[in-house]
$ cat start09.pdb   # PDB, C-alpha atoms
ATOM      1  CA  MET A  30      24.433 -47.919 -22.289
ATOM      2  CA  THR A  31      22.849 -51.009 -23.889
ATOM      3  CA  ARG A  32      20.775 -49.438 -26.667
ATOM      4  CA  PRO A  33      22.426 -48.826 -30.047
ATOM      5  CA  VAL A  34      23.726 -45.294 -30.478
ATOM      6  CA  GLY A  35      24.116 -43.536 -33.814
ATOM      7  CA  TYR A  36      27.359 -41.934 -35.019
ATOM      8  CA  GLY A  37      25.886 -38.440 -34.659
ATOM      9  CA  GLU A  38      24.550 -39.223 -31.183
ATOM     10  CA  ALA A  39      27.985 -40.508 -30.211
ATOM     11  CA  ILE A  40      29.523 -37.155 -31.123
ATOM     12  CA  ARG A  41      26.896 -35.457 -28.952
ATOM     13  CA  GLU A  42      27.782 -37.814 -26.069
ATOM     14  CA  ALA A  43      31.387 -36.681 -26.346
ATOM     15  CA  PHE A  44      30.293 -33.035 -26.147
ATOM     16  CA  VAL A  45      28.169 -33.763 -23.059
ATOM     17  CA  TYR A  46      31.037 -35.621 -21.384
ATOM     18  CA  LEU A  47      33.531 -32.833 -22.062
ATOM     19  CA  LEU A  48      31.253 -29.900 -21.250
ATOM     20  CA  ASP A  49      30.064 -31.554 -18.028
ATOM     21  CA  ARG A  50      33.527 -32.392 -16.681
ATOM     22  CA  TYR A  51      35.767 -29.694 -18.086
ATOM     23  CA  PRO A  52      34.541 -26.133 -17.450
ATOM     24  CA  ARG A  53      37.124 -24.663 -19.833
ATOM     25  CA  VAL A  54      35.690 -26.552 -22.815
ATOM     26  CA  PHE A  55      33.395 -24.554 -25.098
ATOM     27  CA  ALA A  56      32.187 -24.835 -28.696
ATOM     28  CA  ILE A  57      32.133 -22.030 -31.259
ATOM     29  CA  GLY A  58      31.073 -21.880 -34.910
ATOM     30  CA  GLN A  59      28.248 -21.280 -37.328
ATOM     31  CA  GLY A  60      24.834 -22.848 -36.876
ATOM     32  CA  LEU A  61      25.560 -24.692 -33.620
ATOM     33  CA  TRP A  62      21.965 -24.288 -32.457
ATOM     34  CA  SER A  63      20.544 -25.711 -35.691
ATOM     35  CA  PRO A  64      20.319 -29.323 -36.887
ATOM     36  CA  TRP A  65      20.385 -27.982 -40.452
ATOM     37  CA  TYR A  66      24.073 -27.208 -39.911
ATOM     38  CA  VAL A  67      25.292 -29.902 -37.505
ATOM     39  CA  GLY A  68      22.693 -32.686 -37.716
ATOM     40  CA  ASN A  69      21.917 -34.377 -34.411
ATOM     41  CA  THR A  70      25.455 -33.984 -33.063
ATOM     42  CA  MET A  71      24.710 -30.948 -30.868
ATOM     43  CA  THR A  72      20.980 -31.090 -30.265
ATOM     44  CA  ASP A  73      19.950 -28.836 -27.329
ATOM     45  CA  LEU A  74      23.495 -28.485 -25.999
ATOM     46  CA  ASP A  75      22.932 -24.722 -25.903
ATOM     47  CA  LYS A  76      19.924 -25.295 -23.635
ATOM     48  CA  GLN A  77      21.806 -27.754 -21.419
ATOM     49  CA  PHE A  78      25.076 -25.847 -21.074
ATOM     50  CA  GLY A  79      24.181 -22.306 -22.027
ATOM     51  CA  LYS A  80      24.820 -20.116 -25.029
ATOM     52  CA  ASN A  81      28.008 -18.767 -23.480
ATOM     53  CA  ARG A  82      29.562 -22.249 -23.976
ATOM     54  CA  ILE A  83      27.805 -23.191 -27.223
ATOM     55  CA  ILE A  84      28.491 -20.041 -29.196
ATOM     56  CA  ASP A  85      26.736 -19.543 -32.539
ATOM     57  CA  THR A  86      28.764 -17.061 -34.570
ATOM     58  CA  PRO A  87      28.197 -14.802 -37.571
ATOM     59  CA  VAL A  88      29.472 -16.107 -40.904
ATOM     60  CA  SER A  89      33.230 -15.697 -40.579
ATOM     61  CA  GLU A  90      35.294 -18.873 -40.585
ATOM     62  CA  LEU A  91      38.470 -16.880 -40.052
ATOM     63  CA  ALA A  92      37.142 -14.902 -37.081
ATOM     64  CA  CYS A  93      35.669 -17.827 -35.127
ATOM     65  CA  THR A  94      38.762 -19.958 -35.708
ATOM     66  CA  GLY A  95      41.030 -17.109 -34.638
ATOM     67  CA  ALA A  96      38.962 -16.586 -31.498
ATOM     68  CA  ALA A  97      39.247 -20.272 -30.632
ATOM     69  CA  VAL A  98      42.994 -20.400 -31.231
ATOM     70  CA  GLY A  99      43.457 -17.301 -29.078
ATOM     71  CA  ALA A 100      41.285 -18.717 -26.283
ATOM     72  CA  SER A 101      43.335 -21.892 -26.246
ATOM     73  CA  LEU A 102      46.424 -19.842 -25.397
ATOM     74  CA  CYS A 103      44.523 -18.492 -22.391
ATOM     75  CA  GLY A 104      43.941 -21.962 -20.976
ATOM     76  CA  TYR A 105      40.620 -22.837 -22.573
ATOM     77  CA  ARG A 106      39.878 -26.029 -24.568
ATOM     78  CA  PRO A 107      37.800 -24.677 -27.452
ATOM     79  CA  ILE A 108      36.163 -26.748 -30.174
ATOM     80  CA  VAL A 109      35.666 -24.654 -33.284
ATOM     81  CA  ILE A 110      33.144 -26.221 -35.655
ATOM     82  CA  HIS A 111      32.935 -25.816 -39.412
ATOM     83  CA  PRO A 112      29.662 -27.361 -40.644
ATOM     84  CA  ARG A 113      31.146 -27.560 -44.138
ATOM     85  CA  MET A 114      34.780 -28.429 -44.531
ATOM     86  CA  ASP A 115      34.818 -26.602 -47.876
ATOM     87  CA  PHE A 116      34.559 -23.157 -46.317
ATOM     88  CA  MET A 117      37.074 -23.620 -43.536
ATOM     89  CA  VAL A 118      39.661 -22.953 -46.223
ATOM     90  CA  LEU A 119      38.874 -19.338 -45.338
ATOM     91  CA  ALA A 120      40.424 -20.061 -41.919
ATOM     92  CA  ALA A 121      43.518 -21.757 -43.315
ATOM     93  CA  ASP A 122      45.852 -19.040 -42.039
ATOM     94  CA  GLN A 123      44.765 -19.538 -38.439
ATOM     95  CA  VAL A 124      45.096 -23.310 -38.746
ATOM     96  CA  ILE A 125      48.206 -23.710 -40.888
ATOM     97  CA  ASN A 126      50.277 -20.580 -40.280
ATOM     98  CA  GLN A 127      49.390 -20.050 -36.632
ATOM     99  CA  ALA A 128      48.086 -23.005 -34.582
ATOM    100  CA  ALA A 129      50.163 -25.691 -36.271
ATOM    101  CA  LYS A 130      53.411 -23.694 -35.996
ATOM    102  CA  TRP A 131      53.480 -22.181 -32.553
ATOM    103  CA  ARG A 132      54.800 -25.128 -30.516
ATOM    104  CA  HIS A 133      57.745 -25.397 -32.918
ATOM    105  CA  MET A 134      58.360 -21.638 -33.188
ATOM    106  CA  LEU A 135      58.181 -21.044 -29.437
ATOM    107  CA  GLY A 136      60.438 -23.900 -28.380
ATOM    108  CA  GLY A 137      57.623 -25.971 -26.910
ATOM    109  CA  GLN A 138      56.709 -23.301 -24.343
ATOM    110  CA  VAL A 139      53.168 -23.051 -25.660
ATOM    111  CA  SER A 140      50.870 -25.015 -27.929
ATOM    112  CA  PRO A 141      47.259 -24.169 -28.839
ATOM    113  CA  ALA A 142      45.052 -26.916 -27.386
ATOM    114  CA  VAL A 143      42.310 -26.227 -29.914
ATOM    115  CA  THR A 144      40.148 -28.820 -31.660
ATOM    116  CA  ILE A 145      38.984 -27.907 -35.141
ATOM    117  CA  ARG A 146      35.962 -29.998 -36.086
ATOM    118  CA  ALA A 147      35.418 -30.121 -39.850
ATOM    119  CA  ILE A 148      32.291 -31.802 -41.208
ATOM    120  CA  ILE A 149      32.240 -33.418 -44.656
ATOM    121  CA  ASN A 150      28.816 -33.185 -46.235
ATOM    122  CA  ARG A 151      28.745 -34.537 -49.780
ATOM    123  CA  GLY A 152      26.201 -35.805 -52.240
ATOM    124  CA  GLY A 153      22.607 -34.675 -52.583
ATOM    125  CA  GLU A 154      23.378 -32.710 -55.741
ATOM    126  CA  GLN A 155      25.075 -29.988 -53.709
ATOM    127  CA  GLY A 156      27.777 -29.300 -56.254
ATOM    128  CA  ALA A 157      31.501 -28.735 -56.235
ATOM    129  CA  GLN A 158      31.738 -26.089 -53.497
ATOM    130  CA  HIS A 159      29.820 -28.138 -50.915
ATOM    131  CA  SER A 160      31.220 -31.604 -51.430
ATOM    132  CA  GLN A 161      34.903 -31.680 -50.628
ATOM    133  CA  ALA A 162      36.931 -33.963 -48.375
ATOM    134  CA  LEU A 163      40.146 -32.007 -47.790
ATOM    135  CA  HIS A 164      41.845 -34.259 -45.244
ATOM    136  CA  SER A 165      44.911 -34.757 -47.450
ATOM    137  CA  TRP A 166      45.602 -31.003 -47.385
ATOM    138  CA  PHE A 167      45.656 -30.765 -43.626
ATOM    139  CA  ALA A 168      47.461 -34.071 -43.014
ATOM    140  CA  HIS A 169      50.295 -32.537 -45.051
ATOM    141  CA  VAL A 170      50.883 -29.868 -42.385
ATOM    142  CA  PRO A 171      53.342 -30.811 -39.614
ATOM    143  CA  GLY A 172      52.317 -29.720 -36.129
ATOM    144  CA  LEU A 173      48.641 -30.420 -36.753
ATOM    145  CA  ARG A 174      47.125 -33.714 -35.632
ATOM    146  CA  VAL A 175      44.404 -35.014 -37.972
ATOM    147  CA  VAL A 176      41.869 -37.711 -37.050
ATOM    148  CA  MET A 177      38.989 -39.236 -39.046
ATOM    149  CA  PRO A 178      36.682 -41.526 -37.044
ATOM    150  CA  ALA A 179      34.899 -44.264 -38.993
ATOM    151  CA  SER A 180      33.230 -46.198 -36.172
ATOM    152  CA  VAL A 181      30.568 -44.987 -33.772
ATOM    153  CA  GLN A 182      32.870 -45.509 -30.794
ATOM    154  CA  ASP A 183      35.672 -43.547 -32.417
ATOM    155  CA  ALA A 184      33.243 -40.729 -33.223
ATOM    156  CA  ARG A 185      32.838 -40.301 -29.473
ATOM    157  CA  ASP A 186      36.203 -41.318 -28.092
ATOM    158  CA  LEU A 187      38.485 -39.638 -30.622
ATOM    159  CA  LEU A 188      36.656 -36.354 -30.070
ATOM    160  CA  ILE A 189      37.294 -36.638 -26.337
ATOM    161  CA  SER A 190      40.959 -37.526 -26.920
ATOM    162  CA  SER A 191      41.295 -34.617 -29.364
ATOM    163  CA  VAL A 192      39.918 -32.030 -26.957
ATOM    164  CA  LEU A 193      42.085 -33.277 -24.082
ATOM    165  CA  CYS A 194      45.211 -33.222 -26.286
ATOM    166  CA  ASP A 195      47.598 -30.304 -25.756
ATOM    167  CA  ASP A 196      48.251 -29.981 -29.516
ATOM    168  CA  PRO A 197      45.981 -28.503 -32.204
ATOM    169  CA  VAL A 198      43.833 -31.279 -33.632
ATOM    170  CA  MET A 199      41.626 -31.438 -36.701
ATOM    171  CA  TYR A 200      38.737 -33.831 -36.091
ATOM    172  CA  ILE A 201      36.937 -34.699 -39.354
ATOM    173  CA  ASP A 202      33.532 -36.367 -39.328
ATOM    174  CA  ASP A 203      31.485 -37.348 -42.364
ATOM    175  CA  ARG A 204      27.692 -36.992 -42.451
ATOM    176  CA  TRP A 205      27.464 -40.123 -44.595
ATOM    177  CA  LEU A 206      28.389 -42.015 -41.400
ATOM    178  CA  TYR A 207      25.721 -40.533 -39.148
ATOM    179  CA  ASP A 208      23.352 -43.491 -39.583
ATOM    180  CA  ARG A 209      25.887 -46.059 -38.339
ATOM    181  CA  GLU A 210      24.873 -47.540 -34.991
ATOM    182  CA  ALA A 211      26.621 -49.484 -32.229
ATOM    183  CA  VAL A 212      26.286 -50.297 -28.556
ATOM    184  CA  LEU A 213      29.030 -48.337 -26.833
ATOM    185  CA  PRO A 214      31.137 -49.267 -23.817
ATOM    186  CA  PRO A 215      31.682 -46.755 -20.990
ATOM    187  CA  ILE A 216      33.990 -43.859 -21.794
ATOM    188  CA  VAL A 217      37.661 -44.301 -20.982
ATOM    189  CA  GLU A 218      39.881 -41.283 -21.525
ATOM    190  CA  ARG A 219      42.856 -42.170 -23.713
ATOM    191  CA  PRO A 220      45.716 -39.931 -24.858
ATOM    192  CA  LEU A 221      45.471 -39.148 -28.551
ATOM    193  CA  ALA A 222      49.166 -39.961 -28.970
ATOM    194  CA  ALA A 223      48.325 -43.596 -28.104
ATOM    195  CA  GLU A 224      45.821 -43.891 -30.964
ATOM    196  CA  GLY A 225      46.606 -45.031 -34.507
ATOM    197  CA  PRO A 226      45.623 -47.416 -37.304
ATOM    198  CA  LYS A 227      43.659 -50.470 -36.261
ATOM    199  CA  VAL A 228      42.708 -53.772 -37.918
ATOM    200  CA  VAL A 229      38.904 -53.810 -37.848
ATOM    201  CA  ARG A 230      38.525 -57.056 -39.813
ATOM    202  CA  GLU A 231      41.016 -59.895 -40.092
ATOM    203  CA  GLY A 232      41.779 -61.382 -43.500
ATOM    204  CA  SER A 233      44.462 -63.239 -45.438
ATOM    205  CA  ASP A 234      44.142 -62.546 -49.191
ATOM    206  CA  LEU A 235      44.466 -58.757 -49.361
ATOM    207  CA  THR A 236      44.467 -55.554 -47.292
ATOM    208  CA  LEU A 237      41.912 -52.759 -47.683
ATOM    209  CA  VAL A 238      42.955 -49.456 -46.078
ATOM    210  CA  GLY A 239      40.626 -46.510 -45.505
ATOM    211  CA  ALA A 240      39.831 -43.601 -43.190
ATOM    212  CA  GLY A 241      36.466 -42.170 -42.199
ATOM    213  CA  HIS A 242      33.705 -43.080 -44.655
ATOM    214  CA  SER A 243      36.228 -44.938 -46.833
ATOM    215  CA  THR A 244      36.773 -47.413 -44.002
ATOM    216  CA  TYR A 245      33.040 -48.047 -43.934
ATOM    217  CA  LEU A 246      33.141 -48.785 -47.674
ATOM    218  CA  CYS A 247      36.077 -51.154 -47.087
ATOM    219  CA  GLU A 248      34.085 -53.029 -44.446
ATOM    220  CA  GLN A 249      31.127 -53.370 -46.805
ATOM    221  CA  ALA A 250      33.409 -54.499 -49.642
ATOM    222  CA  ALA A 251      35.045 -57.084 -47.383
ATOM    223  CA  GLU A 252      31.604 -58.578 -46.704
ATOM    224  CA  LEU A 253      30.867 -58.803 -50.442
ATOM    225  CA  LEU A 254      34.276 -60.334 -51.161
ATOM    226  CA  ALA A 255      33.843 -62.898 -48.386
ATOM    227  CA  ALA A 256      30.681 -64.105 -50.074
ATOM    228  CA  GLY A 257      32.849 -64.882 -53.100
ATOM    229  CA  GLY A 258      35.531 -66.654 -51.096
ATOM    230  CA  VAL A 259      38.027 -63.770 -50.890
ATOM    231  CA  SER A 260      39.352 -62.940 -47.415
ATOM    232  CA  ALA A 261      40.005 -59.192 -47.022
ATOM    233  CA  GLU A 262      41.678 -57.576 -44.036
ATOM    234  CA  VAL A 263      40.473 -54.038 -43.298
ATOM    235  CA  VAL A 264      42.694 -51.436 -41.648
ATOM    236  CA  ASP A 265      41.117 -48.233 -40.377
ATOM    237  CA  VAL A 266      43.757 -45.456 -40.391
ATOM    238  CA  ARG A 267      41.911 -43.343 -37.759
ATOM    239  CA  VAL A 268      44.838 -40.951 -37.196
ATOM    240  CA  LEU A 269      46.110 -39.485 -40.473
ATOM    241  CA  SER A 270      48.733 -37.247 -38.919
ATOM    242  CA  PRO A 271      51.130 -38.022 -37.453
ATOM    243  CA  LEU A 272      50.837 -41.310 -39.350
ATOM    244  CA  ASP A 273      52.127 -44.502 -37.773
ATOM    245  CA  ALA A 274      52.004 -46.882 -40.746
ATOM    246  CA  GLN A 275      53.354 -49.948 -38.926
ATOM    247  CA  GLN A 276      49.963 -51.651 -38.592
ATOM    248  CA  ILE A 277      49.290 -51.166 -42.314
ATOM    249  CA  ILE A 278      52.765 -52.444 -43.216
ATOM    250  CA  ARG A 279      52.298 -55.543 -41.050
ATOM    251  CA  SER A 280      48.958 -56.266 -42.697
ATOM    252  CA  VAL A 281      50.303 -55.952 -46.247
ATOM    253  CA  GLY A 282      53.354 -57.993 -45.230
ATOM    254  CA  LYS A 283      50.895 -60.755 -44.318
ATOM    255  CA  THR A 284      48.448 -60.552 -47.239
ATOM    256  CA  GLY A 285      50.790 -59.344 -50.002
ATOM    257  CA  ARG A 286      48.155 -57.124 -51.596
ATOM    258  CA  LEU A 287      47.206 -53.488 -50.875
ATOM    259  CA  PHE A 288      44.145 -51.500 -51.923
ATOM    260  CA  ALA A 289      44.084 -47.941 -50.525
ATOM    261  CA  VAL A 290      40.631 -46.354 -50.607
ATOM    262  CA  ASP A 291      40.304 -42.580 -50.340
ATOM    263  CA  GLY A 292      37.331 -40.205 -50.342
ATOM    264  CA  GLY A 293      39.577 -37.463 -51.735
ATOM    265  CA  TRP A 294      41.087 -36.908 -55.153
ATOM    266  CA  ARG A 295      43.635 -39.317 -56.587
ATOM    267  CA  THR A 296      46.538 -37.020 -57.487
ATOM    268  CA  ALA A 297      48.715 -36.149 -54.460
ATOM    269  CA  GLY A 298      45.998 -37.666 -52.310
ATOM    270  CA  TRP A 299      45.971 -39.678 -49.115
ATOM    271  CA  SER A 300      45.906 -43.024 -50.923
ATOM    272  CA  ALA A 301      49.270 -42.166 -52.520
ATOM    273  CA  GLU A 302      50.760 -41.626 -49.059
ATOM    274  CA  ILE A 303      49.577 -45.073 -47.966
ATOM    275  CA  LEU A 304      51.098 -46.695 -51.050
ATOM    276  CA  ALA A 305      54.378 -44.850 -50.487
ATOM    277  CA  ALA A 306      54.586 -45.832 -46.813
ATOM    278  CA  VAL A 307      53.985 -49.503 -47.640
ATOM    279  CA  THR A 308      56.212 -49.828 -50.698
ATOM    280  CA  GLU A 309      59.095 -48.142 -48.854
ATOM    281  CA  ALA A 310      58.863 -50.725 -46.068
ATOM    282  CA  VAL A 311      57.658 -54.015 -47.550
ATOM    283  CA  ASP A 312      60.035 -56.282 -49.452
ATOM    284  CA  PRO A 313      58.855 -56.202 -53.113
ATOM    285  CA  ALA A 314      59.222 -59.983 -53.192
ATOM    286  CA  LYS A 315      56.396 -60.207 -50.617
ATOM    287  CA  LEU A 316      53.961 -58.215 -52.767
ATOM    288  CA  ARG A 317      51.679 -60.566 -54.692
ATOM    289  CA  SER A 318      50.290 -57.777 -56.880
ATOM    290  CA  ARG A 319      50.832 -54.092 -57.596
ATOM    291  CA  PRO A 320      49.277 -51.790 -54.960
ATOM    292  CA  VAL A 321      46.047 -50.152 -56.095
ATOM    293  CA  ARG A 322      44.528 -46.715 -55.358
ATOM    294  CA  ILE A 323      40.763 -46.223 -55.364
ATOM    295  CA  ALA A 324      39.924 -42.512 -55.125
ATOM    296  CA  LEU A 325      37.931 -39.716 -56.694
ATOM    297  CA  ALA A 326      38.716 -38.758 -60.259
ATOM    298  CA  ASP A 327      40.652 -35.499 -60.533
ATOM    299  CA  ALA A 328      37.564 -33.419 -61.189
ATOM    300  CA  PRO A 329      35.306 -31.191 -59.075
ATOM    301  CA  ALA A 330      32.173 -32.899 -57.748
ATOM    302  CA  PRO A 331      29.254 -32.848 -60.176
ATOM    303  CA  THR A 332      25.826 -31.458 -59.342
ATOM    304  CA  SER A 333      23.845 -33.951 -61.399
ATOM    305  CA  LYS A 334      22.566 -36.938 -59.431
ATOM    306  CA  ALA A 335      23.358 -39.239 -62.348
ATOM    307  CA  LEU A 336      26.967 -38.056 -62.442
ATOM    308  CA  GLU A 337      27.274 -38.241 -58.643
ATOM    309  CA  SER A 338      26.427 -41.937 -58.853
ATOM    310  CA  ILE A 339      29.590 -42.612 -60.864
ATOM    311  CA  TYR A 340      31.798 -39.928 -59.262
ATOM    312  CA  TYR A 341      31.916 -41.366 -55.735
ATOM    313  CA  PRO A 342      33.505 -44.804 -55.093
ATOM    314  CA  THR A 343      31.240 -47.409 -53.523
ATOM    315  CA  ALA A 344      31.763 -50.837 -52.019
ATOM    316  CA  ALA A 345      31.070 -52.262 -55.485
ATOM    317  CA  THR A 346      33.859 -50.069 -56.905
ATOM    318  CA  ILE A 347      36.295 -51.632 -54.451
ATOM    319  CA  VAL A 348      35.078 -55.144 -55.202
ATOM    320  CA  ASP A 349      35.488 -54.536 -58.935
ATOM    321  CA  ALA A 350      39.061 -53.293 -58.409
ATOM    322  CA  VAL A 351      39.927 -56.338 -56.312
ATOM    323  CA  ARG A 352      38.402 -58.761 -58.790
ATOM    324  CA  ALA A 353      40.186 -57.062 -61.687
ATOM    325  CA  THR A 354      43.524 -57.442 -59.912
ATOM    326  CA  LEU A 355      42.920 -61.050 -58.917
ATOM    327  CA  GLY A 356      41.623 -61.815 -62.397
ATOM    328  CA  ARG A 357      44.732 -60.370 -64.028
ATOM    329  CA  GLN A 358      46.925 -62.426 -61.727
ATOM    330  CA  GLU A 359      45.034 -65.592 -62.541
ATOM    331  CA  ALA A 360      45.350 -64.860 -66.263
ATOM    332  CA  HIS A 361      49.080 -64.169 -65.830
ATOM    333  CA  VAL A 362      49.597 -67.502 -64.075
ATOM    334  CA  LYS A 363      47.738 -69.367 -66.842
ATOM    335  CA  ALA A 364      49.742 -67.555 -69.537
ATOM    336  CA  SER A 365      53.026 -68.441 -67.812
ATOM    337  CA  ALA A 366      52.123 -72.120 -67.401
TER     338      ALA A 366
END

$ encode --input "start09.pdb" --output "structure tokens"
Amino acid sequence: MTRPVGYGEAIREAFVYLLDRYPRVFAIGQGLWSPWYVGNTMTDLDKQFGKNRIIDTPVSELACTGAAVGASLCGYRPIVIHPRMDFMVLAADQVINQAAKWRHMLGGQVSPAVTIRAIINRGGEQGAQHSQALHSWFAHVPGLRVVMPASVQDARDLLISSVLCDDPVMYIDDRWLYDREAVLPPIVERPLAAEGPKVVREGSDLTLVGAGHSTYLCEQAAELLAAGGVSAEVVDVRVLSPLDAQQIIRSVGKTGRLFAVDGGWRTAGWSAEILAAVTEAVDPAKLRSRPVRIALADAPAPTSKALESIYYPTAATIVDAVRATLGRQEAHVKASA
């Protein structure tokens, strides 16, 4: 395909690919026939593949997730969809206590091949109960694979890899990315176990690490920094769990500076895990500055538009943090001279 494809369209392409080739794939969740719930990611799939494979459920996160987990044990490849990640907390038992545990508890004889798609939908003055990015919670649970695509190609390809994986996978997409566009190559099926963090922009002065929408902010910040003569390398984590931090460690070993950007809260958040993984592995003598976390303040999301504008980090927030660090270092060098 030579025309640019949007992030949301790319997700829909993955659904079409899977539903067309794999008869045991089906989707289940609330609002799957409505763009109000799922944007343009599933437009007319019910008409193309039938409402017995695109199943719109009553409002019960627990019930539809339980049905999908059970179906996976019967040989199906279900994709259960939660249009708001906030409310899938109601299905936490099925995800955390059941799906994530069974391979371990049953000696590897069975594993639920279920994909749990959780959509982050923040901003727009929607308030604290409709604005949460809970990836850190679920990446904490062993036995559950967690992916967060940032690029248009990953939106398509990581969904395909997730559904074809024999383990339970949480696939998290962010509606703030739906306007990204790219020309996509043909689909190549890849095992999810082969995927991991990737350098999406080379640089030499510092490393910016993000996942999902945070990666997009890192890419924008790198452009702004380049205009000021600062060379930033950007690493897209892509697969949060199980985390293979080697690519991030190599990047920080090269640049000597780490800035971890997270769309979740700061305390016990994902950015802390990145800092821990790097500082455990990189010789302190190779670090040219203290690692920095850029995350949400430890407060529920505001409803006011004015407060939202300062609550969520932006590319400018990242640039300010980088400049503050570099400025302090420059001042320290002058003071020591």

$ resolve_selection --input "start09.pdb" --expression "the PyMOL selection byres ((chain A and resi 265-273) around 8)" --output "number ranges by chain"
A: 168-169, 171, 173-179, 224-229, 238-241, 244, 263-264, 274-276

$ residues_around --input "start09.pdb" --residues "stretch 301-305 of chain A" --least-positions-apart "3" --cutoff "7 Å" --atoms "all atoms listed in the file" --output "list of chain:residue names"
A:Ala289, A:Ala297, A:Gly298, A:Thr308, A:Glu309, A:Pro320

$ atom_distance --input "start09.pdb" --atom1 "atom CA of A:Arg295" --atom2 "atom CA of A:Ala353"
18.8 Å

$ closest_residue --input "start09.pdb" --among "A:Gly152, A:Glu231, A:Val143, A:Tyr105" --to "A:Thr332" --atoms "all atoms listed in the file"
A:Gly152

$ closest_residue --input "start09.pdb" --among "A:Ala261, A:Met199, A:Ala223, A:Leu102" --to "A:Thr236" --atoms "only C-alpha atoms"
A:Ala261

$ resolve_selection --input "start09.pdb" --expression "the PyMOL selection byres ((chain A and resi 235) around 10)" --output "ChimeraX atom specification"
/A:231-234,236-238,251,259-263,280-288,317-318,351,355

$ residues_around --input "start09.pdb" --residues "stretch 31-46 of chain A" --least-positions-apart "6" --cutoff "6 Å" --atoms "all atoms listed in the file" --output "NGL selection string"
:A and (69-71 or 181 or 184-185 or 189 or 207-212)
